[in-house]
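S.K.: Got a structure for you, questions after.
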Amino acid sequence: MKKYLIKRVLLAIGIIFALSCVTFVILNVIPGDPVALMLGDNADAATVKAVRANLGMDKPLPQQYLSWVLNLLTGDLGISFFQKKPVLTLLTTAFQYTVRLATISYLVAVVLGIGIGIFAAVNRGKIADHALMALAITGISAPSFWVAILLQIYVGLQFKVFPVSGLAGPISYILPCIALGTRYAAGIARITRTSMLEILNQDFIRTAEAKGLSPLRTVFIHALRNAMLPILTVIGTNIGELLTGSMLTETVFNIPGIGKLLIDSITKRDLPIVQGCVIYIAVVCVTIYLVVDILYAVIDPHIRLEGN
Amino acid sequence: MDEYLLEAKDLSVTLYTERGELRVVDGVSFRLKKRETLGIVGESGCGKSMTANSILRMVPAPGKISGGQIIFKGRDLSTLPERKLRSIRGKEIAMVFQEPMTSLNPLMTCGRQITEALRAHEKTDAKQAKRHALELIRLVGIPMAERIYESTPSGLSGGMRQRIVIAMALCNNPDVLICDEPTTALDVTVQAQILRLIDELKSSFGSAVLFITHDMGVIQQMTDRVMVMYSGQAVEYLQTEELFRKPLHPYTQGLIACIPGKAAVGHDLPVIKGTVPTLYALPKGCLFAPRCPYATKRCRCERPGLYGAGRHLVRCFQYEHKEASNSAADSGS
C-alpha cells in the first residue's frame with residue numbers, strides 16, 4: 001500500500017510538471033504578443049523593448065521557464081500583465097465564485113439526478129420512464145452554454161425575476177446553477193436508474209415487500225443504499241470537473257470564476273494568469289483522481305496488487 | 001364444517017409477455033385450515049411458486065393475477081387495496097423464500113431487518129423490538145444472538161441466513177406461513193435442521209403452513225395434505241399418506257416411482273418420459289397426455305376436469321365414473 005501510494009504521488013507530481021512545461025511552451029509559441037496588445041499598434045520599438053525587458057520576456061525561453069518554476073515553488077505565480085495584481089490573489093478570488101457555483105449546481109444535480117433516476121427505475125417501462133430518460137439523453141447531449149443561453153432568453157428575459165448576467169445577490173446564481181446542474185443531473189439520473197433497476201430485481205427487495213414495508217421504505221432504505229456505490233463513483237469524478245470552473249457557463253452568465261478568468265486572460269494574452277489557471281486546474285484534477293484511486297485501492301484489494 | 005383460514009378459488013396467474021399471454025397458473029383452488037400444512041408439489045415451472053407469490057399479490061412483472069379469488073378471513077386478497085394488503089403481508093401471512101443467500105439485505109444488520117418487520121406492523125419502541133428480535137434469533141437456534149443481531153448477513157452461512165429469514169417471518173406471529181422451497185438451496189444436513197425447525201415452530205406458533213417443494217421426501221415429512229401441480233393446473237388433491245399409498249393420477253404415480261430407494265437396487269431409476277410442455281404450445285387435450293402411458297384418443301383432444309369426491313380429487317378421465325365409489329371410500333375412512 002505504501003509503495004503504491006508513493007508511486008501514485010510521484011506520478012501526480014510528474015504530470016503536473018509535464019503540464020506546466022507544455023503550457024509554458026505552447027503559450028510562448030502561439031501567435032499574439034501580449035506586449036503589442038498592451039501598448040497598442042502605435043508604440044515605438046524602444047518602448048516595446050523596455051516593457052519586454054521589464055516583464056522578463058527578453059531572456060531565452062528555458063531561462064524564463066526556470067525562473068517561473070522556481071517562483072512557483074515558493075508560491076509565487078507572478079503578476080498579471082494587465083491587472084497588475086498577483087496571480088495567486090486573482091485565482092483565490094475567482095475560486096470562491098467557482099466553488100459557490102459548483103456547490104449549488106452540484107447539490108441541484110445530485111438531488112434532481114438521484115430523484116429522477118429512482119422515479120424512472122420504479123416506473124420502469126412506463127411512459128414517465130421513457131420520457132425522463134429521453135430528457136436525460138438530451139440533457140447530456142445539450143451543450144451547457146446552449147442551455148445557458150436558452151435559460152437567459154426564455155426565463156431571464158421573459159420573467160425578469162432572475163438576472164441574466166453578472167452577480168447581484170443569491171438570486172443571480174439560480175440560472176447558472178440550473179444550466180450547469182442539469183447536465184450532471186442527467187448523467188446521475190442515468191446511472192441511478194441502471195443501478196436501481198439491478199437492485200430492485202434482487203431477492204432481498206422481495207423479502208422487504210413481503211414484510212409489509214411501504215414502497216417508499218423499500219425503495220429508499222433497502223434499494224437506494226445498495227445502489228449507491230456506482231452512483232457515488234460518478235458523483236466523485238464529477239467534482240474535479242466542477243471545481244475547475246465551467247468556462248462556458250461562467251462566461252455566458254458573466255460570473256468571475258476560474259473559468260471566466262481563464263477565458264478572459266487567454267483573449268488578452270495575460271500569460272501569467274493563463275499559466276496560473278492551468279496549473280491550478282492540473283493540481284485539482286490530479287489530486288482528485290489521486291484521492292479516487294486511493295479510495296478504490298482501499299475498497300478493492302485487487303487494484304492494490306496491480307499497483308505493486 | 002371446517003373453518004378455512006385461507007382459500008384460493010379458481011386462481012389464475014397470467015404472464016403478459018411480448019410473445020403472448022402465458023397462463024402459468026390455471027384455475028387452481030385450495031383451502032387451508034388452521035394449523036394445517038398443505039404441500040404444493042410439482043416439477044420446476046409447473047406454477048407452484050407463482051401460486052405461492054400470488055397469495056400476497058407478489059407475482060413479479062409481467063405477471064398478474066388474471067382470475068379467481070384468494071379469500072383470507074373473509075376478505076378477497078386479490079382485490080384488496082394495496083395499503084390494506086400491506087398490513088397483512090408479514091403480519092398475518094408471512095413468507096420464507098428459496099434463496100437464503102440473496103434474500104437478506106447485505107447492508108443491513110440482521111437485527112435491524114427483524115425489528116423492521118416487527119415495527120412495520122406494531123408500534124413498539126426500539127428497546128422492546130430489540131428484546132423481541134433477540135428472543136427470536138435464539139428461538140431459531142442461532143448461538144451468540146447478540147453478535148448476530150449486530151452483524152450484517154455477509155458472514156453467515158445459508159442455513160444461518162434461512163434461520164434469520166424464518167425469525168423474520170415469524171416475528172409477528174402469522175396465521176399463515178408460506179414456505180417457497182425453503183430448503184432447496186441448502187445442503188442436505190442443513191436442510192434437515194431447517195425442516196425440523198419449521199416443523200417445531202409451526203406447532204409452537206400455531207401457524208398454518210403452505211409448503212412449496214419439488215421434494216417428495218420433504219412433502220412426506222412436513223405436510224398433512226398435498227396438491228400436485230402440472231403445467232399450471234392442479235392434477236390431484238389428496239392426503240399425504242394417500243400420496244405414498246395410493247396415488248391416482250398417472251403423473252403423481254410417476255413422481256412417486258421416481259423417488260430413489262423405491263426402485264429395486266441394481267435397476268435404473270424410473271423416469272417420467274418427455275418434458276413439461278412449453279406454455280407457448282400447450283397440448284389440446286389433457287396437459288399430461290403426451291407423457292402419459294395410459295393416454296387414450298380422448299385424452300389427446302379433450303381436457304379432463306377434476307373428478308372424485310371429498311378429499312381426493314384427480315384430473316384424469318380414468319376416474320370420471322368412479323366418483324360414487326370414491327366418495328363412499330372417503331366417508332368410510
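Quick note on naming: the chains in the C-alpha cells go A, B, ... in the order shown, residues restart at 1 in each chain, and ligands are numbered from 1 in order of appearance.
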Would you kindly report the residues of chain B within 6 Å of chain A, using only C-alpha atoms, as a list in words?
M.R.: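 The answer, sorted by residue number, is Arg86, Arg89, Gly90, Thr102, Ser103, Leu104, Asn105 and Ala117 of chain B.
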S.K.: Could you write out the selected residues, including C-alpha atoms, as a PDB file, in the first residue's frame?
M.R.:
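The result, stored in selection-v1.pdb:
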ATOM      1  CA  ARG B  86     -49.584  -4.399   3.157  1.00  0.00           C
ATOM      2  CA  ARG B  89     -48.034  -9.010   4.425  1.00  0.00           C
ATOM      3  CA  GLY B  90     -45.554 -10.051   7.067  1.00  0.00           C
ATOM      4  CA  THR B 102     -29.755 -13.384  -1.521  1.00  0.00           C
ATOM      5  CA  SER B 103     -32.978 -12.807   0.351  1.00  0.00           C
ATOM      6  CA  LEU B 104     -31.430 -10.651   3.081  1.00  0.00           C
ATOM      7  CA  ASN B 105     -30.294  -7.067   2.570  1.00  0.00           C
ATOM      8  CA  ALA B 117     -40.516  -6.326  10.200  1.00  0.00           C
TER       9      ALA B 117
END
S.K.: Which polymer residues have any atom within 8 Å of an atom of B:Asp175, counting only C-alpha atoms, with same-chain residues fewer than 3 positions away left out, as a list in words?
M.R.: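 The neighbour list is Lys34, Glu92, Ile93, Gly206, Ser207 and Ala208 of chain B.
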S.K.: Residues as selected, C-alpha atoms, written as a CSV table (one decimal), in the first residue's frame, can you do that?
M.R.:
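Generated output (part.csv):
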chain,number,residue,atom,x,y,z
B,34,LYS,CA,-55.9,-23.5,10.9
B,92,GLU,CA,-51.0,-12.3,9.2
B,93,ILE,CA,-49.4,-14.0,6.3
B,206,GLY,CA,-49.9,-22.3,15.7
B,207,SER,CA,-49.5,-21.2,12.2
B,208,ALA,CA,-50.9,-22.9,9.2
S.K.: So how far away is atom CA of A:Gly139 from atom CA of A:Leu151, in Å?
M.R.: 13.5 Å
S.K.: Would you please give, as a PyMOL selection string, all residues of stretch 10-256 of chain B that DSSP assigns to alpha helix (DSSP H) based on the backbone?
M.R.: chain B and resi 48-55+82-88+110-119+126-139+145-150+158-170+188-205+216-222+240-245+250-256
S.K.: Between atom CA of B:Thr213 and atom CA of B:Thr252, what is the distance, to one decimal in Å?
M.R.: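 It comes out at 14.2 Å.
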S.K.: Pick out the residues sitting within 9 Å of A:Ala282, and hand them over as an NGL selection string; count only C-alpha atoms, and ignore anything fewer than 2 positions along from it in its own chain.
M.R.: :A and (15-16 or 19-20 or 244 or 277-280 or 284-287)
